[in-house]
Amino acid sequence: MEGCVLMKDSFASRMRKAMDIRDMKQADLVEKTGLGKSAISQYYSGKYEPKQKGIYLIAKALDVSESWLMGYDVPMERTSTKYPDNILKIETKKFPLLGTIAAGVPIFADEQFESYVEAGTNIQADFCLKIQGDSMVNARICDGDIVFIRKQSDVEDGQIAAVLIEDEATLKRVYKKENEIILVAENSAYKPMVYKNEELNYVRILGKAIAFQSNVF
């Protein structure tokens, strides 16, 4: 960087210094950045340094300059960003990402999480899941998309829900009859999944899908 002299301070030492000043712990950075606990721990110890996206997220969370955090002889304070008048600034919050859910064959339901997804505060969800598979493509939910789930134990017929089948989770449209639940894909390549009578003891609705987030390619 022209005009800047690299200091002897490492990324890790600058990160620790900023955390002390901001009175933040590693767990706070995990929540604010969406980065994993192990990644933050490695950056904190100096074992590894983050790539550009990680530097940006950590600098933003600590409210310090990215260049300062990287060790350059520049002010610690972050340069304020002014949005153009024709761009609406969206208020966001972080949602816990509870692993991956299958849009196809059910997969193991991992209820542990180490990261977060940032989305608009208008999304009234409790957590989100990453989609794996193509069974919901006709609902415009594709492999790799993030689906936001509001916790509830039941949904109306035809609504899309995250459903736990024994210890595996899947995303499907839910239809109910007397002593029967039918999980229907949005892809004709997949047959409906039908559970009856005693089988219903192993099926539980985790929540209603209320929004999804796709990558732009």
# chains A, B, ... in the order shown; residues from 1 in each chain; ligands from 1
$ residues_around --residues "stretch 123-133 of chain A" --least-positions-apart "2" --cutoff "10 Å" --atoms "only C-alpha atoms" --output "count of residues only"
46
$ residues_around --residues "stretch 38-53 of chain A" --least-positions-apart "3" --cutoff "10 Å" --atoms "only C-alpha atoms" --output "list of chain:residue names"
A:Ser10, A:Phe11, A:Ala12, A:Ser13, A:Arg14, A:Met15, A:Arg16, A:Met19, A:Gln26, A:Ala27, A:Leu29, A:Val30, A:Thr33, A:Gly34, A:Leu35, A:Tyr56, A:Leu57, A:Ile58, A:Ala59, A:Glu66, A:Met70, A:Glu114
$ write_last_selection --atoms "N, CA and C atoms" --output "compact mmCIF listing (two decimals), in the first residue's frame"
# COMPACT_ATOMS: atom_id res chain seq x y z
N SER A 10 1.73 -8.03 14.29
CA SER A 10 1.08 -9.02 13.43
C SER A 10 -0.42 -8.78 13.41
N PHE A 11 -1.09 -9.46 12.50
CA PHE A 11 -2.55 -9.39 12.46
C PHE A 11 -3.11 -9.82 13.81
N ALA A 12 -2.56 -10.91 14.35
CA ALA A 12 -3.08 -11.45 15.62
C ALA A 12 -2.95 -10.44 16.75
N SER A 13 -1.80 -9.76 16.83
CA SER A 13 -1.61 -8.80 17.93
C SER A 13 -2.54 -7.61 17.78
N ARG A 14 -2.74 -7.16 16.54
CA ARG A 14 -3.69 -6.05 16.32
C ARG A 14 -5.12 -6.49 16.66
N MET A 15 -5.44 -7.70 16.27
CA MET A 15 -6.78 -8.23 16.56
C MET A 15 -7.01 -8.31 18.06
N ARG A 16 -6.02 -8.82 18.80
CA ARG A 16 -6.15 -8.93 20.26
C ARG A 16 -6.24 -7.55 20.91
N MET A 19 -9.69 -6.18 20.32
CA MET A 19 -10.65 -6.89 21.16
C MET A 19 -10.59 -6.39 22.60
N GLN A 26 -13.69 -13.87 22.00
CA GLN A 26 -13.73 -14.61 20.75
C GLN A 26 -15.17 -14.99 20.39
N ALA A 27 -15.96 -15.34 21.38
CA ALA A 27 -17.35 -15.71 21.12
C ALA A 27 -18.14 -14.55 20.51
N LEU A 29 -16.87 -12.25 18.55
CA LEU A 29 -16.48 -12.16 17.14
C LEU A 29 -17.15 -13.22 16.30
N VAL A 30 -17.30 -14.42 16.84
CA VAL A 30 -18.00 -15.49 16.12
C VAL A 30 -19.42 -15.04 15.78
N THR A 33 -19.29 -11.82 13.25
CA THR A 33 -18.71 -12.01 11.92
C THR A 33 -19.34 -13.15 11.14
N GLY A 34 -19.90 -14.14 11.86
CA GLY A 34 -20.40 -15.32 11.18
C GLY A 34 -19.31 -16.32 10.86
N LEU A 35 -18.07 -16.04 11.29
CA LEU A 35 -16.96 -16.96 11.08
C LEU A 35 -16.99 -18.05 12.16
N TYR A 56 -12.14 -8.20 6.37
CA TYR A 56 -13.23 -7.22 6.31
C TYR A 56 -14.24 -7.46 7.43
N LEU A 57 -14.66 -8.73 7.61
CA LEU A 57 -15.68 -9.04 8.62
C LEU A 57 -15.18 -8.75 10.03
N ILE A 58 -13.93 -9.09 10.30
CA ILE A 58 -13.37 -8.85 11.64
C ILE A 58 -13.19 -7.36 11.89
N ALA A 59 -12.68 -6.64 10.88
CA ALA A 59 -12.51 -5.19 11.02
C ALA A 59 -13.85 -4.50 11.27
N GLU A 66 -9.40 -1.74 8.24
CA GLU A 66 -8.82 -2.99 7.73
C GLU A 66 -7.30 -2.86 7.61
N MET A 70 -4.35 -5.01 9.53
CA MET A 70 -3.34 -5.77 8.79
C MET A 70 -1.92 -5.37 9.17
N GLU A 114 -21.83 -23.28 14.27
CA GLU A 114 -20.65 -22.49 14.55
C GLU A 114 -20.65 -21.18 13.78
$ atom_distance --atom1 "atom CA of A:Tyr72" --atom2 "atom CA of A:Asp20"
19.0 Å
$ residues_around --residues "A:Met193" --least-positions-apart "4" --cutoff "12 Å" --atoms "only C-alpha atoms" --output "PyMOL selection string"
chain A and resi 104-106+163+165+170-176+180-185+199-200+203
$ select_by_dssp --residues "stretch 13-61 of chain A" --states "alpha helix (DSSP H)" --output "MDAnalysis selection string"
chainID A and resid 13:22 26:33 37:45 52:61
$ write_last_selection --atoms "C-alpha atoms" --output "PDB file, in the first residue's frame"
ATOM      1  CA  SER A  13      -1.609  -8.804  17.929  1.00  0.00           C
ATOM      2  CA  ARG A  14      -3.686  -6.052  16.322  1.00  0.00           C
ATOM      3  CA  MET A  15      -6.781  -8.227  16.561  1.00  0.00           C
ATOM      4  CA  ARG A  16      -6.154  -8.928  20.256  1.00  0.00           C
ATOM      5  CA  LYS A  17      -5.487  -5.250  20.939  1.00  0.00           C
ATOM      6  CA  ALA A  18      -8.753  -4.197  19.272  1.00  0.00           C
ATOM      7  CA  MET A  19     -10.652  -6.888  21.164  1.00  0.00           C
ATOM      8  CA  ASP A  20      -9.266  -5.575  24.460  1.00  0.00           C
ATOM      9  CA  ILE A  21     -10.214  -2.007  23.554  1.00  0.00           C
ATOM     10  CA  ARG A  22     -13.724  -3.033  22.478  1.00  0.00           C
ATOM     11  CA  GLN A  26     -13.735 -14.608  20.746  1.00  0.00           C
ATOM     12  CA  ALA A  27     -17.354 -15.713  21.116  1.00  0.00           C
ATOM     13  CA  ASP A  28     -18.472 -12.147  20.378  1.00  0.00           C
ATOM     14  CA  LEU A  29     -16.477 -12.155  17.145  1.00  0.00           C
ATOM     15  CA  VAL A  30     -17.999 -15.486  16.124  1.00  0.00           C
ATOM     16  CA  GLU A  31     -21.467 -14.012  16.555  1.00  0.00           C
ATOM     17  CA  LYS A  32     -20.715 -10.681  14.882  1.00  0.00           C
ATOM     18  CA  THR A  33     -18.711 -12.008  11.916  1.00  0.00           C
ATOM     19  CA  LYS A  37     -15.101 -20.670  16.340  1.00  0.00           C
ATOM     20  CA  SER A  38     -12.044 -22.587  15.182  1.00  0.00           C
ATOM     21  CA  ALA A  39     -11.195 -19.949  12.556  1.00  0.00           C
ATOM     22  CA  ILE A  40     -11.422 -17.094  15.067  1.00  0.00           C
ATOM     23  CA  SER A  41      -9.291 -19.073  17.525  1.00  0.00           C
ATOM     24  CA  GLN A  42      -6.594 -19.646  14.891  1.00  0.00           C
ATOM     25  CA  TYR A  43      -6.558 -15.974  13.887  1.00  0.00           C
ATOM     26  CA  TYR A  44      -6.396 -14.957  17.569  1.00  0.00           C
ATOM     27  CA  SER A  45      -3.424 -17.249  18.236  1.00  0.00           C
ATOM     28  CA  GLN A  52      -9.615 -10.563   2.540  1.00  0.00           C
ATOM     29  CA  LYS A  53     -13.250 -11.371   3.338  1.00  0.00           C
ATOM     30  CA  GLY A  54     -12.329 -12.481   6.855  1.00  0.00           C
ATOM     31  CA  ILE A  55     -10.261  -9.332   7.406  1.00  0.00           C
ATOM     32  CA  TYR A  56     -13.228  -7.217   6.314  1.00  0.00           C
ATOM     33  CA  LEU A  57     -15.677  -9.044   8.619  1.00  0.00           C
ATOM     34  CA  ILE A  58     -13.373  -8.853  11.635  1.00  0.00           C
ATOM     35  CA  ALA A  59     -12.510  -5.193  11.024  1.00  0.00           C
ATOM     36  CA  LYS A  60     -16.198  -4.370  10.719  1.00  0.00           C
ATOM     37  CA  ALA A  61     -17.047  -6.257  13.908  1.00  0.00           C
TER      38      ALA A  61
END
$ closest_residue --among "A:Ser115, A:Glu166, A:Val194, A:Ser65" --to "A:Gly36" --atoms "only C-alpha atoms"
A:Ser115
$ atom_distance --atom1 "atom CA of A:Asn187" --atom2 "atom CA of A:Asn201"
26.5 Å
$ atom_distance --atom1 "atom CA of A:Glu186" --atom2 "atom CA of A:Ala161"
12.4 Å
